[in-house]
Amino acid sequence: MKLSFSINQKYLSIIATISVFVILYIVSCIVFEGFFSEMVFINFFIDNAFLGISAIGMTFVILSGGIDLSVGSVIAMTGVITATLVEQAHLDPLIVVPIALLSGSFLGLLMGCIIHFFDAPPFIVTLGGYFLARGIGQVISLESLPIYHPFFQFFIMEGIPIGDTVIIPYIVVIFLVLFVIAVYVAHYTRFGRNVYAIGGNIQSARLLGVPIGKTRVGVYTLNGFCSALAGIVYTMYTSGAWSLSGKGFELDVISAVVIGGTLLSGGVGFMAGTMFGVLISGIIQTFITFQGQLSSHWTRIVIGVLVFIFILLQRFFSSLPVSSKATRVTYASMREQAELTK
Amino acid sequence: MIESTPILQVKSLSKSFPGVKALAGVDLSVWTGEVHALMGENGAGKSTLIKLITGVYRRDQGEIIYNGEKVNFSSPREAQEKGISTVYQEVNLIPTLSVAENIFIGRFPPEGVKINWKSIKKSAEDSLKKLDLCLDVTQPLSSFPIAIQQMIAIARAVDFQAKVLILDEPTSSLDAKEVNLLFSIIRKLRDDGLGIIFVTHFLEQVYEISDKITVLRNGLLVGEFETQSLPRLELVAKMMGKDLEEFENTEKKLDSAVQVNGNRKNGKSFIQIRGFGKKGMIYPFDLEINKGEVLGLAGLLGSGRSEMAKLLFGIERADKGKIYIDKKAVSGSSPKFSIKKGMGFCPEDRKTSGIIEDLTVRENIMLAVQTRQGLFRKIAKKKQDEIVAQYIKALNISTPSPEQKIKNLSGGNQQKVIVARWLASQPRLLILDEPTRGIDVGAKAEIQKLILKLSREGMSILFISSELSEILRCSTRIAVLRDKVKVAEMMNQDIDESAIMQAIAEEDNGN
Amino acid sequence: MAIKDLTRDLTKRIASSHIKWSLIIFFVILLFNFIFTPNFFHIEIKNGRFYGSIIDVFNRAAPVMLAAIGMTLVIATGGIDISVGSVMAISGSIAAVLIAKMDVPFWMVLCLPLVFSALLGAWNGLLVSYIGIQPIIATLILLVAGRGIAQLVTDGQIIVFEHPPFEFIAGGSLFGLHFPIIISFGVFLIILFLFKFTALGLFVESVGGNSEASKYCGINAGRIKLVVYIVSALCAGIAGLIAASNIKAADPNTSGDGLELNAILAVVIGGTSLNGGKYFLVGSVIGALIMQSLTTTILTMGVPVQVTLVVNAIVVLVVCLIQSKNFRDILAGIFKLDFRGLLRRMPLKGGNK
Ligand SMILES: Nc1ncnc2c1ncn2[C@@H]1O[C@H](COP(=O)(O)OP(=O)(O)OP(=O)(O)O)[C@@H](O)[C@H]1O
Ligand SMILES: [Mg+2]
């Protein structure tokens, strides 16, 4: 057996994503004093835990070849539901949180069923979900609702201590645990592989005996759940809820997933890529705050430029030539046969 | 030991699509331990019958009895779970998944929640080894050529614990060697007591492997026959619904055309290729094609035939070498450029690089003509209709109308449309990569005849085919490739099948 | 005779195409208004110009319609352009600055914003076709940065101006019709014919349907994509001029906000699939009209703000259910609807002659 450094093609884009993150991080650390610290690094996660949770669900959706525009609204809706039930109905958070999670999942289930059984385009169906969830949120309350319940403070204030001064808050722990589960589901379970299969080619997947219905409905339900969880984490993070929050959030989530190397056309991508997609949005935000003196319009332009540079680098890395040996086909018996004919 | 009822029985099955009656009252009985060939022209309804059996389509009428019970599969998954293993026509795998996953998707071993990738990889390698294939099963399927993909689809299907195995044109892009391997596996499965349905357009294969033949024509049942007691010509006549004589006549015409072709003097040189090559794809080669000449390209799967064609047409950019057309060096390599220079290329993999599914038959045919005309000189609808009608007739494309979406055509008819696309563009050099893949006997003869006719009119043709007999029949000169190197070139008069075989298979000395 | 044939041909083609369903939806909305809002179809002529709710629908639909026209082509190639809102804002801002702060001839006020829009479109196209960035990300860059550029142009302010010739764009009229209606339908017709009477339309559908196979046919997919992104940005630029002219100001922050979603929705309602391939320009125009008539309806009905979104949701769902063949089959199954039989039994024959 010969030793060779051929990388499997499919890992190229994820390797590119990670390298670019590392480069960006190192550059930031050199440029800005104080960038290189545990606190800043953990803040990437704290500030983006809800984005990350939502992006995990969205990764499944996009991998399956679909899209879900309702996430921002679902976050607002579950936030409003949670805040109202806790602060106005004085229900125990341990009852409220499951209710909120169920409502998000149910909306996802509903959209998944419509998409599957009526063969309707995910874009429109989830846009319907977008209006519906936001509408429900607004019907419940138009005001911004603060949350004082200690249960919600707990998850952001407390956490797992590392070192003497730094803690990893529980919302980050939730995010990381969910991420590990998601990686497992995506790569080691039938459901996960079926998601990849239907994203790759849904007609063929059907012929190969992949349960299309179960998988698609499952994906949207899962994403509904993730959005609801993101909504709860968001209320923890902001100590409040508002039916208008999370506007345009769906685009942030989708772009984090796609920047992470997942193809919007479905079937290609990694959960780990999404993690780095989220971290990259984190780094860009932190970059801007460290820069500090940018006017609001320059901020936007700089964000755009950073995304551009990042994508360019990623393209460059993933287009590096791979050894073509990996796709060589040999015939086990060719040599023997050739000798026989002589 | 034959049981008293067939393992799979189909009774008066009917199915209509908008504008087409694909099947009308068809019966089929498959017994355990037999290989049952399903024959018919392109568009006769073979694939539709199979898809009705496995629950891809919902039938309009009729019943299916499987293993003694009436069944009504609502999805291919159900059929698969009940023990009907199917290779559908075209490669219906997932290009983005790895080879191993393609073999196991939809049927991962039941134990545990966690997929054991190690054992999956191992079993995938094992099942490929049965087909004499050795490859990295973790690579995505799309990185392999179509023939290998077809082998992978077969490996998946024969790996099953199935009662019935259905193979819809599994051999369309395979070489003789692979076909032999497949047949030995089929025989073994048959002896194990499987009922096997086998669809092909290769008559030799039918006579080699099948016990019974059911013939369809235009969605109607012609009859069921014992293979032994049905002479070849009669089978063809039954499929085409023509008199024996008529068919023999076309064959004769073709043979005389071949004669004429073989004796013809070469025209002037049209294209000269010097030291053309690309790293990792094909080693530098020289090639010269004369006006009005058919140059055949022979070689094993993966020997570099398609790569040579792709390079020539500018799909991939060569990193060495020069091309001279009409003695003048040409620079530039893109399909568009090649088309402008009068080339045409009918690619091998019709699903990914041939058809544009959502466009109509007319649009699919007109594409190459239109690019040749240029963006701004749109061909008038009336002219389009004329051209399209002409080729639908010439190639006997069975479609309810030129405005039918091409994806609704049968596989063979899609192939004919792609061939028509390039014929219609009237190139000076036409590269045909497996043009008769999945095409029925009648149409195949028509296409071969057309090739000879066009070359007589001065068109140069580079003809790639896995079927040696076809190459021998059509080409004036033959080039042989082995392991991405051009190893031989010979005049057709001088050689026969065995000489080419030798050139193809011979290993380099001292290797 | 010829006209009769033509209309028969047209009805046949509509009946067999996707557009049928969006047309039906549009008519249902109109019918609803006909019954419940009596003044909806009331048209009066003031100063030689038509006024009325229905005219208003066409007038207000103009920006979304324009964006949807460009978006249709982009989507047909298998792409998506989410930067249209930002391009719209930039174009409006440039025009406003040119009018308010610089002394340039009027033709330049019209041309410069459009030229700049086209450049932005070319940028999108380059990223997508030559660098190979996924369309949603390529255009996301401009979505984010574009608003910054617009703010930069106006220095973050809302620029108010007065300039009668420029105000004509949104406020003027021709043949009794509001000028935006003329513009949007003009652009629609130009693009329809440009893509129909050259092979562009065919090539766009072919690239979107199977870009690999198109390559084999000698189609330069990169160039085709470049063209459609430019067209899309141009359409958005024109929409920006209309919007700026309408409010006699440029608002870099809110102009064109959410335009991309509305445009995409109009395209999808019109029957074009987000996967690319076949496109239906007429469908997209109807899609834009459907959305505007809905908004107008909801406004005139006086639905409370909170409920508006829920109504929107229900309508969107109904729209996509009606377009779903499965759903129609199920409905037909439930009601055992036998349209043909119903028609046969109706005494329709031998009516007015
Ligand atoms: N999805 C579909 N929609 C409309 N028509 C269809 C569809 N599938 C098949 N047909 C039509 O049904 C007929 C039978 O097609 P089928 O694919 O069964 O032929 P076949 O015998 O397998 O031919 P081939 O040898 O070319 O594969 C053809 O005329 C085809 O045009
Ligand atoms: Mg077939």
# chains A, B, ... in the order shown; residues from 1 in each chain; ligands from 1
>>> residues_near_ligand(ligand="ligand 2", cutoff="8 Å", atoms="only C-alpha atoms and all ligand atoms", output="compact mmCIF listing (two decimals) with all heavy atoms, in the first residue's frame")
# COMPACT_ATOMS: atom_id res chain seq x y z
N ASN B 42 -37.96 1.13 -28.35
CA ASN B 42 -37.94 2.29 -27.45
C ASN B 42 -39.35 2.84 -27.32
O ASN B 42 -40.03 3.09 -28.31
CB ASN B 42 -37.04 3.38 -28.00
CG ASN B 42 -35.59 2.96 -28.05
OD1 ASN B 42 -34.91 3.15 -29.03
ND2 ASN B 42 -35.13 2.35 -26.98
N GLY B 43 -39.77 3.00 -26.08
CA GLY B 43 -41.10 3.55 -25.86
C GLY B 43 -42.19 2.50 -25.87
O GLY B 43 -43.38 2.82 -25.87
N GLY B 45 -42.87 0.47 -23.51
CA GLY B 45 -43.52 0.43 -22.20
C GLY B 45 -42.83 -0.45 -21.19
O GLY B 45 -43.38 -0.75 -20.14
N LYS B 46 -41.61 -0.87 -21.48
CA LYS B 46 -40.90 -1.78 -20.57
C LYS B 46 -40.63 -1.13 -19.21
O LYS B 46 -40.96 -1.68 -18.16
CB LYS B 46 -39.56 -2.21 -21.20
CG LYS B 46 -39.69 -2.80 -22.58
CD LYS B 46 -38.35 -3.12 -23.20
CE LYS B 46 -37.49 -1.91 -23.50
NZ LYS B 46 -37.95 -1.03 -24.58
N SER B 47 -40.04 0.05 -19.26
CA SER B 47 -39.70 0.71 -18.00
C SER B 47 -40.96 1.07 -17.23
O SER B 47 -41.00 1.01 -16.00
CB SER B 47 -38.90 1.97 -18.26
OG SER B 47 -37.74 1.65 -18.98
N THR B 48 -42.00 1.47 -17.95
CA THR B 48 -43.25 1.80 -17.28
C THR B 48 -43.79 0.57 -16.55
O THR B 48 -44.23 0.67 -15.40
CB THR B 48 -44.27 2.29 -18.32
OG1 THR B 48 -43.69 3.36 -19.05
CG2 THR B 48 -45.53 2.76 -17.65
N GLN B 89 -33.64 1.98 -15.14
CA GLN B 89 -32.92 2.46 -16.32
C GLN B 89 -32.29 3.81 -15.98
O GLN B 89 -32.81 4.52 -15.14
CB GLN B 89 -33.91 2.64 -17.46
CG GLN B 89 -33.26 2.90 -18.78
CD GLN B 89 -34.30 3.03 -19.89
OE1 GLN B 89 -35.47 3.15 -19.64
NE2 GLN B 89 -33.83 2.99 -21.12
N ASP B 168 -33.27 -3.12 -15.47
CA ASP B 168 -33.72 -2.39 -16.64
C ASP B 168 -32.51 -1.82 -17.38
O ASP B 168 -31.92 -0.84 -16.95
CB ASP B 168 -34.68 -1.27 -16.22
CG ASP B 168 -35.44 -0.66 -17.40
OD1 ASP B 168 -35.11 -1.02 -18.55
OD2 ASP B 168 -36.33 0.15 -17.16
N GLU B 169 -32.16 -2.44 -18.47
CA GLU B 169 -30.99 -2.06 -19.27
C GLU B 169 -29.75 -1.83 -18.42
O GLU B 169 -29.16 -0.74 -18.44
CB GLU B 169 -31.30 -0.81 -20.10
CG GLU B 169 -32.39 -1.08 -21.11
CD GLU B 169 -32.51 0.02 -22.14
OE1 GLU B 169 -31.48 0.64 -22.45
OE2 GLU B 169 -33.61 0.23 -22.65
N SER B 410 -39.21 7.91 -23.16
CA SER B 410 -38.50 6.72 -22.70
C SER B 410 -37.01 6.94 -22.90
O SER B 410 -36.59 7.78 -23.69
CB SER B 410 -38.97 5.50 -23.48
OG SER B 410 -38.31 5.45 -24.72
N GLY B 411 -36.19 6.17 -22.15
CA GLY B 411 -34.75 6.38 -22.18
C GLY B 411 -34.17 6.38 -23.58
O GLY B 411 -33.40 7.26 -23.96
N GLY B 412 -34.53 5.39 -24.37
CA GLY B 412 -33.98 5.27 -25.71
C GLY B 412 -34.36 6.45 -26.58
O GLY B 412 -33.58 6.93 -27.39
>>> residues_near_ligand(ligand="ligand 1", cutoff="8 Å", atoms="only C-alpha atoms and all ligand atoms", output="PyMOL selection string")
chain B and resi 16-23+39-50+89+168-169+200-201+216+218-219+398-400+407-414+438-440
>>> residues_around(residues="Cys111 in chain C", least_positions_apart="3", cutoff="12 Å", atoms="only C-alpha atoms", output="VMD selection string")
chain C and resid 91 to 92 94 to 95 98 104 to 108 114 to 118 234 237 to 238 241
>>> residues_around(residues="Phe197 in chain C", least_positions_apart="5", cutoff="9 Å", atoms="only C-alpha atoms", output="number ranges by chain")
B: 376-378, 380; C: 192
>>> write_last_selection(atoms="N, CA and C atoms", output="short mmCIF file (atom, residue, chain, number, x, y, z; two decimals), in the first residue's frame")
data_model
loop_
_atom_site.label_atom_id
_atom_site.label_comp_id
_atom_site.auth_asym_id
_atom_site.auth_seq_id
_atom_site.Cartn_x
_atom_site.Cartn_y
_atom_site.Cartn_z
N PHE B 376 -28.30 35.86 -31.57
CA PHE B 376 -29.26 36.85 -32.03
C PHE B 376 -30.05 36.41 -33.25
N ARG B 377 -29.61 35.35 -33.87
CA ARG B 377 -30.35 34.92 -35.06
C ARG B 377 -31.20 33.73 -34.72
N LYS B 378 -32.28 34.02 -34.01
CA LYS B 378 -33.14 32.94 -33.57
C LYS B 378 -33.82 32.29 -34.76
N ALA B 380 -36.58 30.69 -36.83
CA ALA B 380 -38.03 30.88 -36.82
C ALA B 380 -38.72 29.59 -36.40
N LEU C 192 -39.61 40.79 -22.45
CA LEU C 192 -40.32 39.64 -23.02
C LEU C 192 -39.87 39.42 -24.46
#
>>> atom_distance(atom1="CA of Leu430 in chain B", atom2="CA of Ile461 in chain B")
4.8 Å
>>> closest_atom_pairs(of="chain C", to="chain A", cutoff="6 Å", atoms="only C-alpha atoms", output="JSON lines")
{"residue": "C:Ile141", "atom": "CA", "partner": "A:Gly304", "partner_atom": "CA", "distance": 4.8}
{"residue": "C:Val144", "atom": "CA", "partner": "A:Gly304", "partner_atom": "CA", "distance": 5.7}
{"residue": "C:Ala145", "atom": "CA", "partner": "A:Ile301", "partner_atom": "CA", "distance": 4.1}
{"residue": "C:Gly148", "atom": "CA", "partner": "A:His297", "partner_atom": "CA", "distance": 4.1}
{"residue": "C:Gln151", "atom": "CA", "partner": "A:His297", "partner_atom": "CA", "distance": 5.7}
{"residue": "C:Gln306", "atom": "CA", "partner": "A:Gln138", "partner_atom": "CA", "distance": 5.4}
{"residue": "C:Leu309", "atom": "CA", "partner": "A:Gly135", "partner_atom": "CA", "distance": 4.7}
{"residue": "C:Val310", "atom": "CA", "partner": "A:Gly135", "partner_atom": "CA", "distance": 4.9}
{"residue": "C:Ala313", "atom": "CA", "partner": "A:Gly128", "partner_atom": "CA", "distance": 4.4}
{"residue": "C:Val316", "atom": "CA", "partner": "A:Gly128", "partner_atom": "CA", "distance": 5.4}
{"residue": "C:Leu317", "atom": "CA", "partner": "A:Gly128", "partner_atom": "CA", "distance": 5.8}
{"residue": "C:Ser324", "atom": "CA", "partner": "A:Phe118", "partner_atom": "CA", "distance": 5.6}
{"residue": "C:Asn326", "atom": "CA", "partner": "A:Phe118", "partner_atom": "CA", "distance": 5.2}
{"residue": "C:Phe327", "atom": "CA", "partner": "A:Phe118", "partner_atom": "CA", "distance": 5.5}
>>> closest_atom_pairs(of="range 5-99 of chain A", to="range 194-215 of chain A", cutoff="10 Å", atoms="only C-alpha atoms", output="Markdown table")
| residue | atom | partner | partner_atom | distance |
| --- | --- | --- | --- | --- |
| A:Phe60 | CA | A:Val195 | CA | 7.0 |
| A:Val61 | CA | A:Val195 | CA | 8.2 |
| A:Ile62 | CA | A:Gly199 | CA | 7.8 |
| A:Leu63 | CA | A:Gly199 | CA | 5.5 |
| A:Ser64 | CA | A:Gly199 | CA | 3.9 |
| A:Gly65 | CA | A:Gly199 | CA | 4.3 |
| A:Gly66 | CA | A:Gly199 | CA | 7.8 |
>>> write_last_selection(atoms="all heavy atoms", output="compact mmCIF listing (two decimals), in the first residue's frame")
# COMPACT_ATOMS: atom_id res chain seq x y z
N PHE A 60 -29.95 21.15 8.37
CA PHE A 60 -30.70 19.98 7.93
C PHE A 60 -31.65 20.33 6.79
O PHE A 60 -31.76 19.61 5.80
CB PHE A 60 -31.49 19.39 9.09
CG PHE A 60 -30.66 18.56 10.03
CD1 PHE A 60 -30.33 19.01 11.28
CD2 PHE A 60 -30.21 17.31 9.63
CE1 PHE A 60 -29.55 18.25 12.14
CE2 PHE A 60 -29.44 16.53 10.48
CZ PHE A 60 -29.11 17.00 11.74
N VAL A 61 -32.33 21.47 6.95
CA VAL A 61 -33.29 21.87 5.92
C VAL A 61 -32.58 22.07 4.59
O VAL A 61 -33.01 21.56 3.55
CB VAL A 61 -34.03 23.15 6.34
CG1 VAL A 61 -34.90 23.65 5.20
CG2 VAL A 61 -34.87 22.89 7.56
N ILE A 62 -31.49 22.82 4.62
CA ILE A 62 -30.79 23.12 3.37
C ILE A 62 -30.17 21.86 2.78
O ILE A 62 -30.20 21.64 1.57
CB ILE A 62 -29.74 24.23 3.58
CG1 ILE A 62 -30.47 25.53 3.93
CG2 ILE A 62 -28.89 24.42 2.35
CD1 ILE A 62 -29.56 26.72 4.12
N LEU A 63 -29.64 21.00 3.64
CA LEU A 63 -29.08 19.74 3.14
C LEU A 63 -30.14 18.92 2.42
O LEU A 63 -29.86 18.23 1.46
CB LEU A 63 -28.51 18.92 4.30
CG LEU A 63 -27.12 19.32 4.79
CD1 LEU A 63 -26.74 18.48 5.98
CD2 LEU A 63 -26.10 19.16 3.68
N SER A 64 -31.38 19.01 2.90
CA SER A 64 -32.44 18.23 2.28
C SER A 64 -32.92 18.88 0.99
O SER A 64 -33.84 18.39 0.35
CB SER A 64 -33.62 18.07 3.24
OG SER A 64 -34.39 19.25 3.25
N GLY A 65 -32.31 20.00 0.62
CA GLY A 65 -32.69 20.66 -0.62
C GLY A 65 -33.82 21.65 -0.44
O GLY A 65 -34.39 22.12 -1.42
N GLY A 66 -34.16 21.98 0.79
CA GLY A 66 -35.25 22.92 1.03
C GLY A 66 -34.75 24.24 1.58
O GLY A 66 -33.56 24.55 1.52
>>> interface_residues(of="chain B", to="chain C", cutoff="7 Å", atoms="only C-alpha atoms", output="short mmCIF file (atom, residue, chain, number, x, y, z; two decimals) with C-alpha atoms, in the first residue's frame")
data_model
loop_
_atom_site.label_atom_id
_atom_site.label_comp_id
_atom_site.auth_asym_id
_atom_site.auth_seq_id
_atom_site.Cartn_x
_atom_site.Cartn_y
_atom_site.Cartn_z
CA PRO B 335 -17.31 23.86 -26.80
CA LYS B 336 -18.61 27.08 -28.28
CA ILE B 339 -19.05 24.27 -32.59
CA THR B 352 -26.13 14.68 -16.78
CA SER B 353 -24.58 16.09 -19.91
CA GLY B 354 -27.16 15.42 -22.58
CA ILE B 355 -30.78 16.16 -21.95
CA ILE B 356 -32.21 19.28 -20.41
CA GLU B 357 -35.09 17.67 -18.60
CA ASP B 358 -37.56 20.50 -18.41
CA LEU B 367 -30.08 23.87 -28.96
CA ALA B 368 -26.98 23.00 -30.94
CA THR B 371 -25.73 27.99 -30.76
CA LEU B 375 -27.58 34.16 -30.00
CA PHE B 376 -29.26 36.85 -32.03
CA ARG B 377 -30.35 34.92 -35.06
CA LYS B 378 -33.14 32.94 -33.57
#
>>> closest_residue(among="A:Ser19, A:Ser13, A:Gln88, A:Asn223", to="Ile56 in chain A", atoms="only C-alpha atoms")
A:Asn223
>>> interface_residues(of="chain B", to="chain A", cutoff="9 Å", atoms="only C-alpha atoms", output="VMD selection string")
chain B and resid 54 56 75 to 81 86 88 91 to 97 101 to 102 105 to 108 113 to 117 129 131 to 136 138 to 140 143 to 144 148 280 302 502 505 to 507
>>> select_by_dssp(residues="range 159-396 of chain B", states="helix (DSSP H, G or I)", output="VMD selection string")
chain B and resid 176 to 191 203 to 209 232 to 240 244 to 263 305 to 313 335 to 340 350 to 353 361 to 373 381 to 394
>>> residues_around(residues="Arg274 in chain B", least_positions_apart="6", cutoff="12 Å", atoms="only C-alpha atoms", output="number ranges by chain")
B: 283-289, 312, 318, 320-325, 327, 329-330
>>> write_last_selection(atoms="N, CA, C and O atoms", output="mmCIF file, in the first residue's frame")
data_model
loop_
_atom_site.group_PDB
_atom_site.id
_atom_site.type_symbol
_atom_site.label_atom_id
_atom_site.label_comp_id
_atom_site.auth_asym_id
_atom_site.auth_seq_id
_atom_site.Cartn_x
_atom_site.Cartn_y
_atom_site.Cartn_z
ATOM 1 N N TYR B 283 -2.782 10.774 -21.920
ATOM 2 C CA TYR B 283 -1.424 11.077 -22.364
ATOM 3 C C TYR B 283 -1.477 11.671 -23.760
ATOM 4 O O TYR B 283 -2.413 11.401 -24.513
ATOM 5 N N PRO B 284 -0.471 12.476 -24.115
ATOM 6 C CA PRO B 284 -0.484 13.112 -25.433
ATOM 7 C C PRO B 284 -0.664 12.098 -26.558
ATOM 8 O O PRO B 284 -0.105 11.016 -26.507
ATOM 9 N N PHE B 285 -1.479 12.467 -27.541
ATOM 10 C CA PHE B 285 -1.713 11.558 -28.659
ATOM 11 C C PHE B 285 -1.755 12.348 -29.960
ATOM 12 O O PHE B 285 -1.991 13.550 -29.964
ATOM 13 N N ASP B 286 -1.527 11.663 -31.054
ATOM 14 C CA ASP B 286 -1.707 12.232 -32.390
ATOM 15 C C ASP B 286 -2.924 11.577 -33.008
ATOM 16 O O ASP B 286 -3.175 10.395 -32.783
ATOM 17 N N LEU B 287 -3.648 12.347 -33.765
ATOM 18 C CA LEU B 287 -4.809 11.763 -34.416
ATOM 19 C C LEU B 287 -5.094 12.576 -35.665
ATOM 20 O O LEU B 287 -4.881 13.785 -35.686
ATOM 21 N N GLU B 288 -5.535 11.888 -36.689
ATOM 22 C CA GLU B 288 -5.871 12.606 -37.906
ATOM 23 C C GLU B 288 -7.181 12.044 -38.429
ATOM 24 O O GLU B 288 -7.367 10.825 -38.469
ATOM 25 N N ILE B 289 -8.098 12.920 -38.739
ATOM 26 C CA ILE B 289 -9.373 12.448 -39.271
ATOM 27 C C ILE B 289 -9.607 13.118 -40.615
ATOM 28 O O ILE B 289 -9.490 14.336 -40.744
ATOM 29 N N LEU B 312 -10.890 16.976 -27.178
ATOM 30 C CA LEU B 312 -10.955 17.411 -28.561
ATOM 31 C C LEU B 312 -12.016 18.492 -28.734
ATOM 32 O O LEU B 312 -11.841 19.462 -29.464
ATOM 33 N N ALA B 318 -6.898 21.290 -22.945
ATOM 34 C CA ALA B 318 -5.683 20.493 -23.029
ATOM 35 C C ALA B 318 -4.504 21.322 -22.522
ATOM 36 O O ALA B 318 -4.501 22.538 -22.663
ATOM 37 N N LYS B 320 -1.365 20.444 -23.429
ATOM 38 C CA LYS B 320 -0.293 20.286 -24.417
ATOM 39 C C LYS B 320 -0.927 20.092 -25.782
ATOM 40 O O LYS B 320 -2.051 19.639 -25.890
ATOM 41 N N GLY B 321 -0.152 20.386 -26.807
ATOM 42 C CA GLY B 321 -0.546 19.965 -28.136
ATOM 43 C C GLY B 321 -1.260 21.009 -28.961
ATOM 44 O O GLY B 321 -1.576 22.091 -28.495
ATOM 45 N N LYS B 322 -1.467 20.653 -30.213
ATOM 46 C CA LYS B 322 -2.059 21.588 -31.164
ATOM 47 C C LYS B 322 -3.093 20.893 -32.021
ATOM 48 O O LYS B 322 -3.023 19.681 -32.232
ATOM 49 N N ILE B 323 -4.035 21.671 -32.499
ATOM 50 C CA ILE B 323 -5.014 21.139 -33.433
ATOM 51 C C ILE B 323 -4.925 21.938 -34.729
ATOM 52 O O ILE B 323 -4.808 23.163 -34.695
ATOM 53 N N TYR B 324 -4.957 21.231 -35.855
ATOM 54 C CA TYR B 324 -5.011 21.894 -37.147
ATOM 55 C C TYR B 324 -6.312 21.486 -37.809
ATOM 56 O O TYR B 324 -6.607 20.297 -37.936
ATOM 57 N N ILE B 325 -7.074 22.489 -38.210
ATOM 58 C CA ILE B 325 -8.278 22.182 -38.978
ATOM 59 C C ILE B 325 -8.055 22.725 -40.375
ATOM 60 O O ILE B 325 -7.670 23.888 -40.549
ATOM 61 N N LYS B 327 -5.666 22.142 -42.179
ATOM 62 C CA LYS B 327 -4.234 22.467 -42.229
ATOM 63 C C LYS B 327 -3.876 23.742 -41.494
ATOM 64 O O LYS B 327 -2.725 24.151 -41.470
ATOM 65 N N ALA B 329 -3.616 25.931 -38.015
ATOM 66 C CA ALA B 329 -3.630 25.765 -36.571
ATOM 67 C C ALA B 329 -4.776 26.581 -35.986
ATOM 68 O O ALA B 329 -5.007 27.715 -36.402
ATOM 69 N N VAL B 330 -5.509 25.979 -35.076
ATOM 70 C CA VAL B 330 -6.568 26.741 -34.424
ATOM 71 C C VAL B 330 -6.225 26.882 -32.956
ATOM 72 O O VAL B 330 -5.641 25.996 -32.343
#
>>> select_by_dssp(residues="range 59-184 of chain C", states="strand (DSSP E)", output="MDAnalysis selection string")
chainID C and resid 159:160 173:174 177:178
>>> atom_distance(atom1="CA of Ile280 in chain A", atom2="CA of Ala100 in chain A")
29.2 Å
>>> residues_around(residues="Ile158 in chain C", least_positions_apart="6", cutoff="12 Å", atoms="only C-alpha atoms", output="PyMOL selection string")
chain C and resi 89+92-94+96-97+100+150-152+244+247-255
>>> atom_distance(atom1="CA of Gly283 in chain C", atom2="CA of Leu174 in chain C")
25.1 Å
>>> residues_around(residues="Ile392 in chain B", least_positions_apart="4", cutoff="10 Å", atoms="only C-alpha atoms", output="ChimeraX atom specification")
/B:361-362,365,386-388,396-399,401-402,413,416-417,420
